[in-house]
>>> print(open('entry18.pdb').read())   # PDB, C-alpha atoms
MODEL        1
ATOM      1  CA  MET A 899      -7.272  11.893 -22.442  1.00  0.00           C
ATOM      2  CA  ALA A 900      -6.742  10.194 -19.064  1.00  0.00           C
ATOM      3  CA  GLY A 901      -7.722  12.324 -16.103  1.00  0.00           C
ATOM      4  CA  THR A 902      -9.621  14.891 -18.179  1.00  0.00           C
ATOM      5  CA  GLN A 903     -12.476  16.366 -16.170  1.00  0.00           C
ATOM      6  CA  THR A 904     -15.819  16.161 -17.897  1.00  0.00           C
ATOM      7  CA  THR A 905     -18.994  18.186 -17.623  1.00  0.00           C
ATOM      8  CA  GLY A 906     -22.499  17.540 -18.790  1.00  0.00           C
ATOM      9  CA  ARG A 907     -26.043  16.847 -17.814  1.00  0.00           C
ATOM     10  CA  ARG A 908     -27.042  14.982 -14.669  1.00  0.00           C
ATOM     11  CA  TYR A 909     -28.238  11.393 -14.896  1.00  0.00           C
ATOM     12  CA  GLY A 910     -29.760   9.648 -11.910  1.00  0.00           C
ATOM     13  CA  GLY A 911     -28.866  12.631  -9.738  1.00  0.00           C
ATOM     14  CA  ARG A 912     -25.160  12.420 -10.620  1.00  0.00           C
ATOM     15  CA  ASP A 913     -23.229  14.842 -12.766  1.00  0.00           C
ATOM     16  CA  ALA A 914     -20.573  13.863 -15.303  1.00  0.00           C
ATOM     17  CA  ALA A 915     -17.672  14.217 -12.851  1.00  0.00           C
ATOM     18  CA  GLN A 916     -19.409  11.960 -10.330  1.00  0.00           C
ATOM     19  CA  ARG A 917     -20.115   9.332 -12.971  1.00  0.00           C
ATOM     20  CA  GLN A 918     -16.490   9.413 -14.123  1.00  0.00           C
ATOM     21  CA  GLN A 919     -15.326   8.972 -10.531  1.00  0.00           C
ATOM     22  CA  GLU A 920     -17.641   6.002 -10.154  1.00  0.00           C
ATOM     23  CA  ARG A 921     -16.208   4.430 -13.301  1.00  0.00           C
ATOM     24  CA  ARG A 922     -12.687   5.057 -12.057  1.00  0.00           C
ATOM     25  CA  THR A 923     -13.557   3.356  -8.768  1.00  0.00           C
ATOM     26  CA  ARG A 924     -14.896   0.334 -10.652  1.00  0.00           C
ATOM     27  CA  LEU A 925     -11.665   0.127 -12.656  1.00  0.00           C
ATOM     28  CA  ILE A 926      -9.561   0.416  -9.494  1.00  0.00           C
ATOM     29  CA  GLN A 927     -11.544  -2.432  -7.953  1.00  0.00           C
ATOM     30  CA  ALA A 928     -11.166  -4.506 -11.113  1.00  0.00           C
ATOM     31  CA  GLY A 929      -7.422  -3.830 -11.097  1.00  0.00           C
ATOM     32  CA  LEU A 930      -7.154  -4.978  -7.496  1.00  0.00           C
ATOM     33  CA  ASP A 931      -9.163  -8.123  -8.217  1.00  0.00           C
ATOM     34  CA  LEU A 932      -7.190  -9.108 -11.323  1.00  0.00           C
ATOM     35  CA  PHE A 933      -3.673  -7.860 -10.557  1.00  0.00           C
ATOM     36  CA  GLY A 934      -3.986  -9.358  -7.090  1.00  0.00           C
ATOM     37  CA  THR A 935      -5.024 -12.790  -8.343  1.00  0.00           C
ATOM     38  CA  ALA A 936      -4.195 -13.384 -12.021  1.00  0.00           C
ATOM     39  CA  ARG A 937      -1.062 -11.178 -11.705  1.00  0.00           C
ATOM     40  CA  TYR A 938      -0.261  -7.899 -13.402  1.00  0.00           C
ATOM     41  CA  ALA A 939       1.888  -9.267 -16.234  1.00  0.00           C
ATOM     42  CA  SER A 940      -0.871 -11.516 -17.550  1.00  0.00           C
ATOM     43  CA  VAL A 941      -3.809  -9.074 -17.322  1.00  0.00           C
ATOM     44  CA  SER A 942      -4.836  -6.931 -20.283  1.00  0.00           C
ATOM     45  CA  VAL A 943      -6.754  -3.658 -20.428  1.00  0.00           C
ATOM     46  CA  LYS A 944      -9.558  -5.548 -22.150  1.00  0.00           C
ATOM     47  CA  GLN A 945      -9.798  -7.997 -19.256  1.00  0.00           C
ATOM     48  CA  VAL A 946      -9.887  -5.159 -16.726  1.00  0.00           C
ATOM     49  CA  CYS A 947     -12.683  -3.440 -18.641  1.00  0.00           C
ATOM     50  CA  SER A 948     -14.662  -6.660 -18.929  1.00  0.00           C
ATOM     51  CA  HIS A 949     -14.303  -7.274 -15.188  1.00  0.00           C
ATOM     52  CA  ALA A 950     -15.421  -3.704 -14.438  1.00  0.00           C
ATOM     53  CA  GLY A 951     -18.304  -3.908 -16.908  1.00  0.00           C
ATOM     54  CA  LEU A 952     -17.009  -0.926 -18.885  1.00  0.00           C
ATOM     55  CA  THR A 953     -15.748  -0.291 -22.408  1.00  0.00           C
ATOM     56  CA  GLU A 954     -12.126   0.597 -23.125  1.00  0.00           C
ATOM     57  CA  ARG A 955     -13.222   4.157 -23.911  1.00  0.00           C
ATOM     58  CA  TYR A 956     -13.971   4.607 -20.214  1.00  0.00           C
ATOM     59  CA  PHE A 957     -10.665   3.048 -19.197  1.00  0.00           C
ATOM     60  CA  TYR A 958      -8.714   5.698 -21.095  1.00  0.00           C
ATOM     61  CA  GLU A 959     -10.682   8.595 -19.647  1.00  0.00           C
ATOM     62  CA  SER A 960      -9.050   7.805 -16.276  1.00  0.00           C
ATOM     63  CA  PHE A 961      -5.818   5.915 -17.028  1.00  0.00           C
ATOM     64  CA  ARG A 962      -3.110   6.184 -19.674  1.00  0.00           C
ATOM     65  CA  ASP A 963      -2.364   2.477 -19.752  1.00  0.00           C
ATOM     66  CA  ARG A 964      -2.229  -0.697 -17.680  1.00  0.00           C
ATOM     67  CA  GLU A 965       0.774   0.536 -15.682  1.00  0.00           C
ATOM     68  CA  ASP A 966      -1.090   3.714 -14.807  1.00  0.00           C
ATOM     69  CA  LEU A 967      -3.933   1.619 -13.402  1.00  0.00           C
ATOM     70  CA  LEU A 968      -1.498  -0.479 -11.356  1.00  0.00           C
ATOM     71  CA  ALA A 969      -0.036   2.736  -9.946  1.00  0.00           C
ATOM     72  CA  GLY A 970      -3.537   3.993  -9.174  1.00  0.00           C
ATOM     73  CA  VAL A 971      -4.491   0.837  -7.308  1.00  0.00           C
ATOM     74  CA  TYR A 972      -1.184   0.784  -5.434  1.00  0.00           C
ATOM     75  CA  ASN A 973      -1.376   4.436  -4.398  1.00  0.00           C
ATOM     76  CA  GLU A 974      -4.943   4.099  -3.153  1.00  0.00           C
ATOM     77  CA  LEU A 975      -4.069   1.037  -1.094  1.00  0.00           C
ATOM     78  CA  ILE A 976      -0.972   2.700   0.359  1.00  0.00           C
ATOM     79  CA  ALA A 977      -2.879   5.880   1.219  1.00  0.00           C
ATOM     80  CA  THR A 978      -5.474   3.876   3.138  1.00  0.00           C
ATOM     81  CA  ILE A 979      -2.961   1.618   4.895  1.00  0.00           C
ATOM     82  CA  THR A 980      -0.731   4.553   5.860  1.00  0.00           C
ATOM     83  CA  ALA A 981      -3.630   6.567   7.271  1.00  0.00           C
ATOM     84  CA  GLU A 982      -5.030   3.638   9.252  1.00  0.00           C
ATOM     85  CA  THR A 983      -1.596   2.652  10.578  1.00  0.00           C
ATOM     86  CA  ALA A 984      -0.817   6.214  11.670  1.00  0.00           C
ATOM     87  CA  GLN A 985      -4.240   6.599  13.292  1.00  0.00           C
ATOM     88  CA  ALA A 986      -3.839   3.374  15.235  1.00  0.00           C
ATOM     89  CA  ALA A 987      -0.394   4.407  16.471  1.00  0.00           C
ATOM     90  CA  ALA A 988      -1.596   7.885  17.431  1.00  0.00           C
ATOM     91  CA  ALA A 989      -4.544   6.462  19.358  1.00  0.00           C
ATOM     92  CA  ALA A 990      -2.151   4.425  21.510  1.00  0.00           C
ATOM     93  CA  ALA A 991       0.025   7.427  22.430  1.00  0.00           C
ATOM     94  CA  PRO A 992       1.970   8.270  24.502  1.00  0.00           C
ATOM     95  CA  ASP A 993       3.140   4.699  25.215  1.00  0.00           C
ATOM     96  CA  VAL A 994       5.717   3.997  22.485  1.00  0.00           C
ATOM     97  CA  ASP A 995       5.497   0.214  22.875  1.00  0.00           C
ATOM     98  CA  ALA A 996       1.713   0.349  22.529  1.00  0.00           C
ATOM     99  CA  GLN A 997       2.000   2.626  19.512  1.00  0.00           C
ATOM    100  CA  LEU A 998       4.362   0.218  17.757  1.00  0.00           C
ATOM    101  CA  ARG A 999       2.122  -2.735  18.524  1.00  0.00           C
ATOM    102  CA  ALA A1000      -1.019  -0.931  17.326  1.00  0.00           C
ATOM    103  CA  GLY A1001       0.615   0.224  14.087  1.00  0.00           C
ATOM    104  CA  LEU A1002       2.007  -3.221  13.307  1.00  0.00           C
ATOM    105  CA  GLU A1003      -1.365  -4.852  14.056  1.00  0.00           C
ATOM    106  CA  VAL A1004      -3.157  -2.670  11.525  1.00  0.00           C
ATOM    107  CA  PHE A1005      -0.454  -2.877   8.851  1.00  0.00           C
ATOM    108  CA  ILE A1006       0.025  -6.638   9.006  1.00  0.00           C
ATOM    109  CA  ARG A1007      -3.654  -7.548   9.409  1.00  0.00           C
ATOM    110  CA  THR A1008      -4.659  -5.325   6.491  1.00  0.00           C
ATOM    111  CA  LEU A1009      -2.305  -7.127   4.115  1.00  0.00           C
ATOM    112  CA  ALA A1010      -2.518 -10.609   5.609  1.00  0.00           C
ATOM    113  CA  GLY A1011      -6.304 -10.393   5.672  1.00  0.00           C
ATOM    114  CA  ASP A1012      -6.675  -9.847   1.910  1.00  0.00           C
ATOM    115  CA  ALA A1013      -4.532 -11.923  -0.439  1.00  0.00           C
ATOM    116  CA  ARG A1014      -5.199  -9.514  -3.320  1.00  0.00           C
ATOM    117  CA  LYS A1015      -3.862  -6.530  -1.394  1.00  0.00           C
ATOM    118  CA  ALA A1016      -0.848  -8.449  -0.124  1.00  0.00           C
ATOM    119  CA  ARG A1017       0.091  -9.682  -3.575  1.00  0.00           C
ATOM    120  CA  LEU A1018      -0.346  -6.296  -5.252  1.00  0.00           C
ATOM    121  CA  VAL A1019       1.445  -4.203  -2.605  1.00  0.00           C
ATOM    122  CA  LEU A1020       4.247  -6.655  -1.828  1.00  0.00           C
ATOM    123  CA  ILE A1021       4.874  -8.471  -5.099  1.00  0.00           C
ATOM    124  CA  GLU A1022       3.176  -7.211  -8.259  1.00  0.00           C
ATOM    125  CA  VAL A1023       4.576  -3.653  -8.142  1.00  0.00           C
ATOM    126  CA  VAL A1024       8.155  -4.874  -7.681  1.00  0.00           C
ATOM    127  CA  GLY A1025      10.019  -4.215 -10.918  1.00  0.00           C
ATOM    128  CA  ALA A1026       6.780  -3.490 -12.798  1.00  0.00           C
ATOM    129  CA  SER A1027       8.301  -0.276 -14.204  1.00  0.00           C
ATOM    130  CA  PRO A1028      10.968   2.292 -13.293  1.00  0.00           C
ATOM    131  CA  ARG A1029       8.201   4.686 -12.220  1.00  0.00           C
ATOM    132  CA  LEU A1030       6.626   2.183  -9.854  1.00  0.00           C
ATOM    133  CA  GLU A1031       9.991   1.131  -8.486  1.00  0.00           C
ATOM    134  CA  VAL A1032      10.704   4.759  -7.551  1.00  0.00           C
ATOM    135  CA  ARG A1033       7.282   4.992  -5.900  1.00  0.00           C
ATOM    136  CA  ARG A1034       7.805   1.718  -4.033  1.00  0.00           C
ATOM    137  CA  ARG A1035      11.054   3.023  -2.576  1.00  0.00           C
ATOM    138  CA  GLU A1036       9.304   6.246  -1.568  1.00  0.00           C
ATOM    139  CA  VAL A1037       6.676   4.220   0.277  1.00  0.00           C
ATOM    140  CA  LEU A1038       9.317   2.284   2.216  1.00  0.00           C
ATOM    141  CA  HIS A1039      10.889   5.576   3.267  1.00  0.00           C
ATOM    142  CA  GLU A1040       7.489   6.979   4.236  1.00  0.00           C
ATOM    143  CA  PHE A1041       6.794   4.038   6.543  1.00  0.00           C
ATOM    144  CA  ALA A1042      10.317   4.278   7.969  1.00  0.00           C
ATOM    145  CA  ALA A1043       9.682   7.955   8.705  1.00  0.00           C
ATOM    146  CA  LEU A1044       6.455   7.005  10.484  1.00  0.00           C
ATOM    147  CA  VAL A1045       8.325   4.513  12.657  1.00  0.00           C
ATOM    148  CA  ALA A1046      11.031   7.083  13.416  1.00  0.00           C
ATOM    149  CA  THR A1047       8.404   9.636  14.409  1.00  0.00           C
ATOM    150  CA  VAL A1048       6.888   7.226  16.916  1.00  0.00           C
ATOM    151  CA  VAL A1049      10.206   6.053  18.345  1.00  0.00           C
ATOM    152  CA  GLY A1050      12.168   9.295  18.385  1.00  0.00           C
ATOM    153  CA  PRO A1051       9.859  12.331  18.356  1.00  0.00           C
ATOM    154  CA  HIS A1052      12.400  14.477  20.152  1.00  0.00           C
ATOM    155  CA  PRO A1053      15.457  15.937  18.368  1.00  0.00           C
ATOM    156  CA  GLY A1054      18.813  14.441  19.164  1.00  0.00           C
ATOM    157  CA  PRO A1055      22.439  14.461  18.035  1.00  0.00           C
ATOM    158  CA  GLU A1056      22.984  14.061  14.309  1.00  0.00           C
ATOM    159  CA  ALA A1057      24.583  10.634  14.801  1.00  0.00           C
ATOM    160  CA  SER A1058      21.583   9.421  16.817  1.00  0.00           C
ATOM    161  CA  SER A1059      19.137  10.743  14.211  1.00  0.00           C
ATOM    162  CA  SER A1060      21.031   8.943  11.465  1.00  0.00           C
ATOM    163  CA  ARG A1061      21.053   5.713  13.469  1.00  0.00           C
ATOM    164  CA  LEU A1062      17.320   6.032  14.096  1.00  0.00           C
ATOM    165  CA  ALA A1063      16.597   6.547  10.391  1.00  0.00           C
ATOM    166  CA  MET A1064      18.704   3.546   9.384  1.00  0.00           C
ATOM    167  CA  THR A1065      17.171   1.357  12.082  1.00  0.00           C
ATOM    168  CA  ALA A1066      13.646   2.347  11.073  1.00  0.00           C
ATOM    169  CA  MET A1067      14.408   1.545   7.435  1.00  0.00           C
ATOM    170  CA  SER A1068      15.869  -1.824   8.416  1.00  0.00           C
ATOM    171  CA  LEU A1069      12.763  -2.681  10.423  1.00  0.00           C
ATOM    172  CA  VAL A1070      10.357  -1.636   7.676  1.00  0.00           C
ATOM    173  CA  GLY A1071      12.355  -3.552   5.079  1.00  0.00           C
ATOM    174  CA  GLY A1072      12.417  -6.596   7.323  1.00  0.00           C
ATOM    175  CA  VAL A1073       8.652  -6.568   7.840  1.00  0.00           C
ATOM    176  CA  ASN A1074       8.140  -6.088   4.111  1.00  0.00           C
ATOM    177  CA  GLU A1075      10.325  -9.067   3.177  1.00  0.00           C
ATOM    178  CA  LEU A1076       8.829 -11.283   5.882  1.00  0.00           C
ATOM    179  CA  LEU A1077       5.343 -10.552   4.522  1.00  0.00           C
ATOM    180  CA  VAL A1078       6.534 -11.228   0.959  1.00  0.00           C
ATOM    181  CA  ASP A1079       7.850 -14.601   2.103  1.00  0.00           C
ATOM    182  CA  TRP A1080       4.603 -15.321   3.957  1.00  0.00           C
ATOM    183  CA  THR A1081       2.461 -14.289   0.980  1.00  0.00           C
ATOM    184  CA  LEU A1082       4.453 -16.604  -1.311  1.00  0.00           C
ATOM    185  CA  GLY A1083       3.815 -19.488   1.073  1.00  0.00           C
ATOM    186  CA  HIS A1084       7.345 -19.883   2.367  1.00  0.00           C
ATOM    187  CA  GLN A1085       6.256 -19.272   5.979  1.00  0.00           C
ATOM    188  CA  ASN A1086       3.360 -20.992   7.720  1.00  0.00           C
ATOM    189  CA  ALA A1087       3.116 -18.651  10.707  1.00  0.00           C
ATOM    190  CA  THR A1088      -0.239 -17.345  11.876  1.00  0.00           C
ATOM    191  CA  VAL A1089      -0.984 -13.640  11.588  1.00  0.00           C
ATOM    192  CA  GLU A1090      -0.657 -13.343  15.364  1.00  0.00           C
ATOM    193  CA  GLU A1091       2.789 -14.924  15.206  1.00  0.00           C
ATOM    194  CA  LEU A1092       3.841 -12.487  12.468  1.00  0.00           C
ATOM    195  CA  ILE A1093       2.694  -9.552  14.579  1.00  0.00           C
ATOM    196  CA  ASP A1094       4.400 -10.864  17.710  1.00  0.00           C
ATOM    197  CA  LEU A1095       7.698 -11.471  15.903  1.00  0.00           C
ATOM    198  CA  CYS A1096       7.740  -8.045  14.262  1.00  0.00           C
ATOM    199  CA  TYR A1097       6.778  -6.357  17.520  1.00  0.00           C
ATOM    200  CA  THR A1098       9.613  -8.148  19.345  1.00  0.00           C
ATOM    201  CA  LEU A1099      12.114  -7.001  16.709  1.00  0.00           C
ATOM    202  CA  PHE A1100      10.845  -3.413  16.819  1.00  0.00           C
ATOM    203  CA  ILE A1101      11.002  -3.219  20.610  1.00  0.00           C
ATOM    204  CA  ALA A1102      14.489  -4.715  20.781  1.00  0.00           C
ATOM    205  CA  ALA A1103      15.822  -2.362  18.104  1.00  0.00           C
ATOM    206  CA  CYS A1104      14.166   0.710  19.581  1.00  0.00           C
ATOM    207  CA  ARG A1105      15.478   0.000  23.075  1.00  0.00           C
ATOM    208  CA  THR A1106      18.958  -0.376  21.635  1.00  0.00           C
ATOM    209  CA  ILE A1107      18.623   3.068  20.072  1.00  0.00           C
ATOM    210  CA  SER A1108      17.422   4.600  23.324  1.00  0.00           C
ATOM    211  CA  ASP A1109      20.489   3.162  25.113  1.00  0.00           C
ATOM    212  CA  GLN A1110      22.856   4.907  22.692  1.00  0.00           C
ATOM    213  CA  PRO A1111      24.680   7.965  24.125  1.00  0.00           C
TER
ENDMDL
END
>>> encode(input="entry18.pdb", output="structure tokens")
Amino acid sequence: MAGTQTTGRRYGGRDAAQRQQERRTRLIQAGLDLFGTARYASVSVKQVCSHAGLTERYFYESFRDREDLLAGVYNELIATITAETAQAAAAAAPDVDAQLRAGLEVFIRTLAGDARKARLVLIEVVGASPRLEVRRREVLHEFAALVATVVGPHPGPEASSSRLAMTAMSLVGGVNELLVDWTLGHQNATVEELIDLCYTLFIAACRTISDQP
């Protein structure tokens, strides 16, 4: 059964749980490599196992099916990107402009710097399953909440809070779609140009919010 914790003797200084975690990590890496290049729809469990150098028996000890692996890869990538983006923004505090720039730098460079990650996070999970679509929407809201925290950490009138939330979601959605377009080859901008454009949009929108009564 996927996710079942195992026990047993130690081999090479590692117990059964450690060995299972290592196998899971190899499968996650194989999923990233294949889903991010050959595309999710055309990759089989057998291909993933072959790429990871494992049998299918070991696949099913960690994942229910191919979709479960895609979700695992996606969630691990998002956890890392979210943490690194938040850390970069926090390190630039208390200057809001610097925080926005630092967060955007990390987010955009992480995806633009690895075609596999960009394709998996921005394209392959879209419409892959109802479960992943729900998770993808959650992630957009999580990033919007991060932006709102940086821009408006102090409580305000209900109308202002609602405007901030909608603006943050619009900005996050805009960055997401711009990166999708760039990943698909429809934009030939440099990474620096992407960062500069997104930063300009964020600053303009955030200053508009701050001018609201």
>>> closest_residue(input="entry18.pdb", among="A:Gln985, A:Ser942, A:Thr1088, A:Gln997", to="A:Asp963", atoms="only C-alpha atoms")
A:Ser942
>>> atom_distance(input="entry18.pdb", atom1="atom CA of A:Val994", atom2="atom CA of A:Thr1106")
14.0 Å
>>> closest_residue(input="entry18.pdb", among="A:Leu925, A:Ala1102, A:Ile1021, A:Ala1010", to="A:Ala1087", atoms="only C-alpha atoms")
A:Ala1010
>>> residues_around(input="entry18.pdb", residues="stretch 1032-1039 of chain A", least_positions_apart="5", cutoff="10 Å", atoms="only C-alpha atoms", output="MDAnalysis selection string")
chainID A and resid 969 972:973 976:977 980 1019:1020 1023:1025 1027 1044:1045 1063 1066:1068 1070:1071 1074
>>> write_last_selection(input="entry18.pdb", atoms="C-alpha atoms", output="mmCIF file, keeping the file's coordinate frame")
data_model
loop_
_atom_site.group_PDB
_atom_site.id
_atom_site.type_symbol
_atom_site.label_atom_id
_atom_site.label_comp_id
_atom_site.auth_asym_id
_atom_site.auth_seq_id
_atom_site.Cartn_x
_atom_site.Cartn_y
_atom_site.Cartn_z
ATOM 1 C CA ALA A 969 -0.036 2.736 -9.946
ATOM 2 C CA TYR A 972 -1.184 0.784 -5.434
ATOM 3 C CA ASN A 973 -1.376 4.436 -4.398
ATOM 4 C CA ILE A 976 -0.972 2.700 0.359
ATOM 5 C CA ALA A 977 -2.879 5.880 1.219
ATOM 6 C CA THR A 980 -0.731 4.553 5.860
ATOM 7 C CA VAL A 1019 1.445 -4.203 -2.605
ATOM 8 C CA LEU A 1020 4.247 -6.655 -1.828
ATOM 9 C CA VAL A 1023 4.576 -3.653 -8.142
ATOM 10 C CA VAL A 1024 8.155 -4.874 -7.681
ATOM 11 C CA GLY A 1025 10.019 -4.215 -10.918
ATOM 12 C CA SER A 1027 8.301 -0.276 -14.204
ATOM 13 C CA LEU A 1044 6.455 7.005 10.484
ATOM 14 C CA VAL A 1045 8.325 4.513 12.657
ATOM 15 C CA ALA A 1063 16.597 6.547 10.391
ATOM 16 C CA ALA A 1066 13.646 2.347 11.073
ATOM 17 C CA MET A 1067 14.408 1.545 7.435
ATOM 18 C CA SER A 1068 15.869 -1.824 8.416
ATOM 19 C CA VAL A 1070 10.357 -1.636 7.676
ATOM 20 C CA GLY A 1071 12.355 -3.552 5.079
ATOM 21 C CA ASN A 1074 8.140 -6.088 4.111
#
>>> closest_residue(input="entry18.pdb", among="A:Leu1069, A:Gln919, A:Ala987, A:Asn1086", to="A:Ala1103", atoms="all atoms listed in the file")
A:Leu1069
>>> atom_distance(input="entry18.pdb", atom1="atom CA of A:Ala915", atom2="atom CA of A:Ala928")
19.9 Å
>>> closest_residue(input="entry18.pdb", among="A:Tyr1097, A:Leu1077, A:Gly1011, A:Ile1107", to="A:Arg999", atoms="all atoms listed in the file")
A:Tyr1097
>>> decode(input="entry18.pdb", residues="stretch 1023-1105 of chain A", atoms="C-alpha atoms", output="mmCIF file, in the first residue's frame")
data_model
loop_
_atom_site.group_PDB
_atom_site.id
_atom_site.type_symbol
_atom_site.label_atom_id
_atom_site.label_comp_id
_atom_site.auth_asym_id
_atom_site.auth_seq_id
_atom_site.Cartn_x
_atom_site.Cartn_y
_atom_site.Cartn_z
ATOM 1 C CA VAL A 1023 -0.562 20.007 -13.636
ATOM 2 C CA VAL A 1024 -3.191 22.144 -15.379
ATOM 3 C CA GLY A 1025 -6.268 19.985 -15.893
ATOM 4 C CA ALA A 1026 -4.351 16.803 -15.028
ATOM 5 C CA SER A 1027 -7.123 15.775 -12.604
ATOM 6 C CA PRO A 1028 -9.826 17.396 -10.459
ATOM 7 C CA ARG A 1029 -7.641 16.819 -7.388
ATOM 8 C CA LEU A 1030 -4.645 18.580 -8.894
ATOM 9 C CA GLU A 1031 -6.782 21.406 -10.217
ATOM 10 C CA VAL A 1032 -8.051 22.054 -6.679
ATOM 11 C CA ARG A 1033 -4.467 22.000 -5.397
ATOM 12 C CA ARG A 1034 -3.295 24.337 -8.163
ATOM 13 C CA ARG A 1035 -5.948 26.870 -7.200
ATOM 14 C CA GLU A 1036 -4.911 26.564 -3.554
ATOM 15 C CA VAL A 1037 -1.324 27.338 -4.528
ATOM 16 C CA LEU A 1038 -2.358 30.477 -6.413
ATOM 17 C CA HIS A 1039 -4.244 31.647 -3.334
ATOM 18 C CA GLU A 1040 -1.268 30.837 -1.108
ATOM 19 C CA PHE A 1041 1.052 32.989 -3.215
ATOM 20 C CA ALA A 1042 -1.558 35.760 -3.325
ATOM 21 C CA ALA A 1043 -1.734 35.636 0.473
ATOM 22 C CA LEU A 1044 2.057 35.942 0.622
ATOM 23 C CA VAL A 1045 1.946 39.030 -1.587
ATOM 24 C CA ALA A 1046 -0.851 40.533 0.516
ATOM 25 C CA THR A 1047 1.137 39.923 3.692
ATOM 26 C CA VAL A 1048 4.109 41.823 2.296
ATOM 27 C CA VAL A 1049 2.071 44.700 0.883
ATOM 28 C CA GLY A 1050 -0.535 45.148 3.597
ATOM 29 C CA PRO A 1051 0.641 43.701 6.924
ATOM 30 C CA HIS A 1052 -1.490 46.113 8.905
ATOM 31 C CA PRO A 1053 -5.274 45.658 9.272
ATOM 32 C CA GLY A 1054 -7.501 48.032 7.392
ATOM 33 C CA PRO A 1055 -11.132 48.604 6.437
ATOM 34 C CA GLU A 1056 -12.945 45.582 5.054
ATOM 35 C CA ALA A 1057 -13.210 47.184 1.604
ATOM 36 C CA SER A 1058 -9.455 47.836 1.516
ATOM 37 C CA SER A 1059 -8.682 44.271 2.620
ATOM 38 C CA SER A 1060 -10.913 42.899 -0.120
ATOM 39 C CA ARG A 1061 -9.260 45.133 -2.713
ATOM 40 C CA LEU A 1062 -5.824 44.021 -1.537
ATOM 41 C CA ALA A 1063 -6.768 40.340 -1.799
ATOM 42 C CA MET A 1064 -8.180 40.772 -5.304
ATOM 43 C CA THR A 1065 -5.179 42.803 -6.439
ATOM 44 C CA ALA A 1066 -2.746 40.235 -5.059
ATOM 45 C CA MET A 1067 -4.604 37.439 -6.845
ATOM 46 C CA SER A 1068 -4.575 39.409 -10.096
ATOM 47 C CA LEU A 1069 -0.828 39.959 -9.827
ATOM 48 C CA VAL A 1070 -0.068 36.324 -9.028
ATOM 49 C CA GLY A 1071 -2.301 35.145 -11.862
ATOM 50 C CA GLY A 1072 -0.642 37.585 -14.229
ATOM 51 C CA VAL A 1073 2.860 36.401 -13.350
ATOM 52 C CA ASN A 1074 1.732 32.794 -13.692
ATOM 53 C CA GLU A 1075 0.274 33.322 -17.173
ATOM 54 C CA LEU A 1076 3.252 35.380 -18.340
ATOM 55 C CA LEU A 1077 5.587 32.552 -17.297
ATOM 56 C CA VAL A 1078 3.345 29.993 -19.029
ATOM 57 C CA ASP A 1079 3.566 32.044 -22.215
ATOM 58 C CA TRP A 1080 7.339 32.378 -21.826
ATOM 59 C CA THR A 1081 7.781 28.655 -21.146
ATOM 60 C CA LEU A 1082 5.783 27.801 -24.285
ATOM 61 C CA GLY A 1083 8.068 30.038 -26.330
ATOM 62 C CA HIS A 1084 5.576 32.781 -27.078
ATOM 63 C CA GLN A 1085 7.765 35.437 -25.416
ATOM 64 C CA ASN A 1086 11.463 35.959 -26.073
ATOM 65 C CA ALA A 1087 12.187 38.191 -23.080
ATOM 66 C CA THR A 1088 15.227 37.591 -20.907
ATOM 67 C CA VAL A 1089 14.744 36.505 -17.308
ATOM 68 C CA GLU A 1090 15.839 39.966 -16.180
ATOM 69 C CA GLU A 1091 13.186 41.542 -18.388
ATOM 70 C CA LEU A 1092 10.525 39.232 -16.933
ATOM 71 C CA ILE A 1093 11.539 40.209 -13.411
ATOM 72 C CA ASP A 1094 11.617 43.917 -14.237
ATOM 73 C CA LEU A 1095 8.185 43.829 -15.886
ATOM 74 C CA CYS A 1096 6.562 41.919 -13.031
ATOM 75 C CA TYR A 1097 8.204 44.168 -10.456
ATOM 76 C CA THR A 1098 6.916 47.271 -12.268
ATOM 77 C CA LEU A 1099 3.376 45.859 -12.296
ATOM 78 C CA PHE A 1100 3.541 44.914 -8.611
ATOM 79 C CA ILE A 1101 4.819 48.329 -7.545
ATOM 80 C CA ALA A 1102 2.234 50.205 -9.601
ATOM 81 C CA ALA A 1103 -0.627 48.082 -8.266
ATOM 82 C CA CYS A 1104 0.551 48.255 -4.667
ATOM 83 C CA ARG A 1105 0.949 52.032 -4.756
#
